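Here the structure is laid out as structure tokens; the discussion comes afterwards.
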Amino acid sequence: MIELLGKSKEELRALCTELGEPAYRGGQIYHALYAERKFDFTRMTNLPAALRERLAKEARITLPQVKQRFVSSDGSVRYLFGLGGAEEEGLSTESPEEENAEENMRKPNRARTPASVEAVFMPSEGRQTICISTQAGCAVDCHFCLTAQLGLIRNLTAGEIVAQLLIALEEQRSTPPGGAEEGAGRETLDERSKIISSGAKARPMQAVVSHLKVRPPVIRRTLKPGDTKRPDAVQTNVVLMGQGEPLLNFEPVMGALRILLDPEGMVLSPKHVTLSTSGIVPGIERLAREKVRPKLAISLNASNDEQRDAVMPINKKYPLRALMEACKNYPLRQWEHLTFEYVMLGGVNDSTDDARRLVHLLAPLKRVKVNLIPWNPGELPYRESATERVEEFRGILTDKGVPAFVRYSRGRDVMAACGQLALLDVSSQNGLVSIAPS
Ligand code: SF4
């Protein structure tokens with residue numbers, strides 16, 4: 001059976017030619033899959049009946065299984081997806097990576113391991129943001145991030161990356177505001193889900209956590225009950241900030257991005273798609289040469305090498321001088337700026353001196369902005385910065401002309417926030433939030 005999900009228009013055209021069909025049928029399949037989100041050949045009515053029947057016998061569209069949905073009090077939904085074993089094409093051995101990641105990618109069995117990943121849907125007024133994963137687990141080992149505890153399980157294929165978005169968009173189209181009740185769209189998706197079991201296991205975590213600070217509910221859905229308008233008619237933002245380091249799975253990530261950003265594919269604007277990297281310098285240089293590319297965000301999180309070595313060991317391989325040089329040379333489009341994410345770790349990287357050093361570090365760069373992200377609690381040896389500290393830090397940056405914004409993560413109460421994606425199960429009983437490996 002030929003897997004169609006993740007294939008480019010050119011690949012689908014070539015496939016149709018191989019099948020003895022006109023090449024343009026490949027373009028029609030591409031449109032049905034990504035623009036119309038039809039995952040059942042019988043619904044691809046732009047194709048002749050004979051071809052639909054043939055595809056049903058010889059090809060497949062494998063969607064991940066939605067294993068669980070965790071709905072936050074702020075309206076976000078964390079999806080836990082089960083992925084089947086991936087084909088060889090999921091491997092990426094070309095990009096120059098961090099040693100462990102590289103070694104893991106070359107292990108032949110890893111490529112086919114069933115795995116679980118997470119994506120987060122965040123609705124808000126007039127727009128929706130979907131955070132997707134590019135690898136199952138992660139080898140980069142940022143010390144403030146729970147995903148790092150999983151290690152790298154395997155790379156995702158282009159199809160598995162695109163599918164997270166297709167499922168979230170399709171499902172949320174038919175979900176009433178504020179909840180993840182069964183909707184017609186989901187039923188269809190679950191019926192279509194094929195292979196699944198989870199091979200991914202988180203390391204054992206503390207069973208009961210009662211100290212998670214949860215922000216007040218902010219249910220901001222754009223749709224009203226019974227509204228049949230497609231929510232993706234509102235602005236859709238996509239961030240590649242879920243599990244994994246996107247630039248360590250370069251080709252499949254680019255394959256997915258070309259579909260996302262294609263006016264004949266998923267029709268997303270590059271202005272609304274952001275790839276976040278921990279600072280893989282050769283990957284940044286490679287991305288700079290791509291014709292189709294999203295916006296770039298750098299997860300910085302420190303103001304000098306010593307500090308960054310301690311929280312992000314990848315810095316030993318790509319230290320700040322090399323990283324800043326790659327950023328300086330990165331070809332920004334007219335409308336574009338580089339985003340630097342800075343997770344505020346209380347007592348670690350949030351001092352006045354840190355803010356001043358950060359200003360100095362970014363000074364040689366054109367068009368930057370800084371997103372200050374209060375750290376999201378998890379079983380890690382860090383604490384949140386006080387709100388006043390975060391504000392003071394931001395004030396120092398903006399006073400010196402560096403645009404800085406405080407970004408509170410969504411979905412903290414269901415372990416959906418930045419740095420919390422670690423396949424954790426969450427349930428709430430007697431006022432206690434219980435967290436355990438899924
Ligand atoms: Fe990997 Fe990103 Fe977590 Fe770092 S922050 S360990 S790159 S998922």
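Numbering starts fresh at 1 for the residues of each chain in the structure tokens, the chains themselves are lettered A, B, ... in the order given, and ligands are numbered from 1 as they appear.
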
How would you report the residues lying within 7 Å of ligand 1, as a compact mmCIF listing (two decimals) with N, CA and C atoms, in the first residue's frame, if you count only C-alpha atoms and all ligand atoms?
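In the end it all went to selection_36.txt:
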```txt
# COMPACT_ATOMS: atom_id res chain seq x y z
N CYS A 138 12.82 14.15 22.38
CA CYS A 138 13.82 15.11 21.90
C CYS A 138 15.18 14.75 22.51
N ALA A 139 16.21 14.91 21.71
CA ALA A 139 17.56 14.57 22.19
C ALA A 139 18.33 15.78 22.69
N VAL A 140 17.74 16.96 22.59
CA VAL A 140 18.54 18.17 22.83
C VAL A 140 18.81 18.40 24.33
N ASP A 141 17.94 17.95 25.17
CA ASP A 141 18.22 17.94 26.61
C ASP A 141 18.28 19.32 27.26
N CYS A 142 17.36 20.20 26.88
CA CYS A 142 17.26 21.48 27.60
C CYS A 142 16.76 21.15 29.02
N CYS A 145 13.06 21.67 30.35
CA CYS A 145 11.97 21.18 29.49
C CYS A 145 11.66 19.72 29.80
N LEU A 146 10.40 19.43 30.04
CA LEU A 146 10.03 18.05 30.37
C LEU A 146 10.16 17.10 29.18
N THR A 147 10.01 17.62 27.98
CA THR A 147 10.14 16.75 26.80
C THR A 147 11.52 16.09 26.77
N ALA A 148 12.51 16.83 27.24
CA ALA A 148 13.89 16.31 27.23
C ALA A 148 13.98 14.99 28.00
N MET A 241 6.75 24.03 17.83
CA MET A 241 7.34 24.19 19.15
C MET A 241 6.90 23.08 20.08
N GLY A 242 6.35 22.02 19.52
CA GLY A 242 5.93 20.89 20.35
C GLY A 242 7.15 20.03 20.68
N GLN A 243 6.94 18.73 20.74
CA GLN A 243 8.08 17.85 21.02
C GLN A 243 9.08 17.92 19.86
N GLY A 244 10.36 17.94 20.22
CA GLY A 244 11.40 17.79 19.21
C GLY A 244 12.07 19.08 18.78
N GLU A 245 13.21 18.90 18.16
CA GLU A 245 13.98 20.02 17.59
C GLU A 245 13.80 19.93 16.06
N THR A 277 13.82 26.93 17.15
CA THR A 277 14.99 26.06 17.30
C THR A 277 15.76 26.39 18.57
N SER A 278 16.42 25.36 19.07
CA SER A 278 17.27 25.55 20.25
C SER A 278 18.61 26.17 19.86
N GLY A 419 7.29 23.60 27.17
CA GLY A 419 8.21 22.83 28.00
C GLY A 419 7.54 21.77 28.85
```

Tell me, as an mmCIF file with N, CA and C atoms, in the first residue's frame, which residues lie within 8 Å of region 351-361 of chain A, counting only C-alpha atoms; anything in the same chain fewer than 5 positions away does not count.
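Resulting contents of part_16.cif:
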```cif
data_model
loop_
_atom_site.group_PDB
_atom_site.id
_atom_site.type_symbol
_atom_site.label_atom_id
_atom_site.label_comp_id
_atom_site.auth_asym_id
_atom_site.auth_seq_id
_atom_site.Cartn_x
_atom_site.Cartn_y
_atom_site.Cartn_z
ATOM 1 N N ALA A 302 19.222 32.432 27.941
ATOM 2 C CA ALA A 302 20.400 32.754 28.753
ATOM 3 C C ALA A 302 21.049 33.993 28.168
ATOM 4 N N SER A 303 21.848 34.664 29.003
ATOM 5 C CA SER A 303 22.455 35.901 28.512
ATOM 6 C C SER A 303 23.957 35.760 28.309
ATOM 7 N N ASN A 304 24.526 34.611 28.696
ATOM 8 C CA ASN A 304 25.941 34.362 28.388
ATOM 9 C C ASN A 304 26.168 32.854 28.238
ATOM 10 N N MET A 324 24.805 33.749 17.253
ATOM 11 C CA MET A 324 24.501 35.137 16.909
ATOM 12 C C MET A 324 24.989 35.478 15.497
ATOM 13 N N ARG A 389 9.527 40.757 38.659
ATOM 14 C CA ARG A 389 10.850 40.552 38.060
ATOM 15 C C ARG A 389 10.731 40.491 36.532
ATOM 16 N N GLU A 392 10.069 43.945 35.245
ATOM 17 C CA GLU A 392 11.265 44.787 35.308
ATOM 18 C C GLU A 392 12.235 44.419 34.181
ATOM 19 N N PHE A 393 12.385 43.123 33.977
ATOM 20 C CA PHE A 393 13.269 42.599 32.924
ATOM 21 C C PHE A 393 12.802 43.135 31.564
ATOM 22 N N ARG A 394 11.503 43.031 31.351
ATOM 23 C CA ARG A 394 10.935 43.513 30.076
ATOM 24 C C ARG A 394 11.181 45.007 29.921
ATOM 25 N N ILE A 396 13.615 46.825 31.057
ATOM 26 C CA ILE A 396 15.016 47.121 30.697
ATOM 27 C C ILE A 396 15.207 46.934 29.194
ATOM 28 N N LEU A 397 14.637 45.867 28.673
ATOM 29 C CA LEU A 397 14.773 45.596 27.233
ATOM 30 C C LEU A 397 14.097 46.696 26.404
ATOM 31 N N LYS A 400 15.739 50.034 26.204
ATOM 32 C CA LYS A 400 16.924 50.074 25.329
ATOM 33 C C LYS A 400 16.550 49.816 23.866
ATOM 34 N N VAL A 402 14.689 47.318 22.578
ATOM 35 C CA VAL A 402 14.457 45.926 22.150
ATOM 36 C C VAL A 402 12.985 45.585 22.438
#
```

Would you pick out the contacts of Tyr408 (chain A) at 9 Å or less, using only C-alpha atoms, so that residues sharing its chain but fewer than 6 positions from it are not included, and give the list as a list in words?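 So, after excluding close chain neighbours, the residues are Leu372, Ile373, Pro374, Trp375, Asn376 and Ala417 of chain A.
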
Using only C-alpha atoms, the residue out of A:Asn349, A:Ala256, A:Thr274, A:Arg286 with shortest distance to Glu336 (chain A) is A:Thr274

Closest to Leu287 (chain A) among A:Glu264, A:Glu251, A:Glu36, A:Asp309, using only C-alpha atoms? A:Glu251

Show me, as number ranges by chain, the residues that have an atom within 12 Å of Ser269 (chain A) when counting only C-alpha atoms, minus same-chain residues fewer than 2 positions from it. A: 235-238, 257-267, 271-274, 292-295

Let me see the file: selected residues, C-alpha atoms, as an mmCIF file, in the first residue's frame.
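That gives us again_7.cif:
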```cif
data_model
loop_
_atom_site.group_PDB
_atom_site.id
_atom_site.type_symbol
_atom_site.label_atom_id
_atom_site.label_comp_id
_atom_site.auth_asym_id
_atom_site.auth_seq_id
_atom_site.Cartn_x
_atom_site.Cartn_y
_atom_site.Cartn_z
ATOM 1 C CA GLN A 235 -6.464 33.389 11.267
ATOM 2 C CA THR A 236 -4.593 30.168 11.907
ATOM 3 C CA ASN A 237 -1.119 30.329 13.400
ATOM 4 C CA VAL A 238 1.094 27.279 13.470
ATOM 5 C CA LEU A 257 6.227 23.079 5.651
ATOM 6 C CA ARG A 258 6.089 23.126 1.861
ATOM 7 C CA ILE A 259 2.587 21.630 2.088
ATOM 8 C CA LEU A 260 1.515 24.014 4.873
ATOM 9 C CA LEU A 261 2.758 27.098 3.057
ATOM 10 C CA ASP A 262 1.584 26.121 -0.412
ATOM 11 C CA PRO A 263 -1.281 28.272 -1.761
ATOM 12 C CA GLU A 264 -2.605 25.054 -3.339
ATOM 13 C CA GLY A 265 -1.988 23.016 -0.192
ATOM 14 C CA MET A 266 -2.897 24.157 3.306
ATOM 15 C CA VAL A 267 -2.754 27.818 2.296
ATOM 16 C CA LYS A 271 3.829 35.168 8.395
ATOM 17 C CA HIS A 272 1.720 32.820 10.501
ATOM 18 C CA VAL A 273 3.988 29.792 10.737
ATOM 19 C CA THR A 274 6.942 29.818 13.133
ATOM 20 C CA VAL A 292 9.883 28.370 1.124
ATOM 21 C CA ARG A 293 10.411 28.977 4.812
ATOM 22 C CA PRO A 294 8.464 29.942 7.920
ATOM 23 C CA LYS A 295 9.398 32.596 10.464
#
```

What is the CA of Asp350 (chain A) to CA of Tyr382 (chain A) distance in Å?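 About the pair CA of Asp350 (chain A) and CA of Tyr382 (chain A): they are 12.2 Å apart.
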
Step one, run DSSP on the backbone; step two, keep only residues of region 237-434 of chain A assigned to strand (DSSP E or B); then write them as number ranges by chain. A: 237-240, 273-277, 295-299, 338-345, 368-374, 384, 404-406, 424-429, 432-434

Using the selection just defined, write its residues with C-alpha atoms as a PDB file, in the first residue's frame.
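Contents of out-v4.pdb, as written:
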```
ATOM      1  CA  ASN A 237      -1.119  30.329  13.400  1.00  0.00           C
ATOM      2  CA  VAL A 238       1.094  27.279  13.470  1.00  0.00           C
ATOM      3  CA  VAL A 239       4.124  26.942  15.693  1.00  0.00           C
ATOM      4  CA  LEU A 240       6.652  24.129  15.433  1.00  0.00           C
ATOM      5  CA  VAL A 273       3.988  29.792  10.737  1.00  0.00           C
ATOM      6  CA  THR A 274       6.942  29.818  13.133  1.00  0.00           C
ATOM      7  CA  LEU A 275       9.716  27.281  13.538  1.00  0.00           C
ATOM      8  CA  SER A 276      11.471  27.395  16.886  1.00  0.00           C
ATOM      9  CA  THR A 277      14.988  26.059  17.299  1.00  0.00           C
ATOM     10  CA  LYS A 295       9.398  32.596  10.464  1.00  0.00           C
ATOM     11  CA  LEU A 296      12.272  31.676  12.733  1.00  0.00           C
ATOM     12  CA  ALA A 297      12.382  31.787  16.515  1.00  0.00           C
ATOM     13  CA  ILE A 298      15.465  31.073  18.597  1.00  0.00           C
ATOM     14  CA  SER A 299      15.039  29.573  22.028  1.00  0.00           C
ATOM     15  CA  LEU A 338      13.759  37.259  14.372  1.00  0.00           C
ATOM     16  CA  THR A 339      12.080  36.177  17.567  1.00  0.00           C
ATOM     17  CA  PHE A 340      14.106  35.237  20.631  1.00  0.00           C
ATOM     18  CA  GLU A 341      12.345  33.186  23.252  1.00  0.00           C
ATOM     19  CA  TYR A 342      13.577  33.587  26.765  1.00  0.00           C
ATOM     20  CA  VAL A 343      12.153  31.261  29.397  1.00  0.00           C
ATOM     21  CA  MET A 344      12.397  33.152  32.686  1.00  0.00           C
ATOM     22  CA  LEU A 345      13.942  30.895  35.322  1.00  0.00           C
ATOM     23  CA  VAL A 368      14.434  41.355  16.619  1.00  0.00           C
ATOM     24  CA  LYS A 369      11.834  40.867  19.269  1.00  0.00           C
ATOM     25  CA  VAL A 370      12.009  39.006  22.552  1.00  0.00           C
ATOM     26  CA  ASN A 371       9.268  36.854  23.998  1.00  0.00           C
ATOM     27  CA  LEU A 372       9.689  36.434  27.742  1.00  0.00           C
ATOM     28  CA  ILE A 373       8.064  33.173  28.793  1.00  0.00           C
ATOM     29  CA  PRO A 374       7.453  32.606  32.488  1.00  0.00           C
ATOM     30  CA  GLU A 384       9.166  30.729  38.260  1.00  0.00           C
ATOM     31  CA  ALA A 404       9.880  42.582  24.422  1.00  0.00           C
ATOM     32  CA  PHE A 405       6.624  40.891  25.310  1.00  0.00           C
ATOM     33  CA  VAL A 406       5.569  38.625  28.129  1.00  0.00           C
ATOM     34  CA  LEU A 424       1.691  13.001  30.794  1.00  0.00           C
ATOM     35  CA  ASP A 425      -1.782  11.992  31.832  1.00  0.00           C
ATOM     36  CA  VAL A 426      -3.650  14.590  33.857  1.00  0.00           C
ATOM     37  CA  SER A 427      -6.739  14.148  35.956  1.00  0.00           C
ATOM     38  CA  SER A 428      -8.291  16.295  38.629  1.00  0.00           C
ATOM     39  CA  GLN A 429      -9.816  14.905  41.812  1.00  0.00           C
ATOM     40  CA  LEU A 432      -5.582  17.870  43.404  1.00  0.00           C
ATOM     41  CA  VAL A 433      -4.123  17.671  39.954  1.00  0.00           C
ATOM     42  CA  SER A 434      -2.825  14.199  39.382  1.00  0.00           C
TER      43      SER A 434
END
```

One decimal, Å: what's the distance from CA of Glu306 (chain A) over to CA of Glu379 (chain A), could you say? 23.5 Å
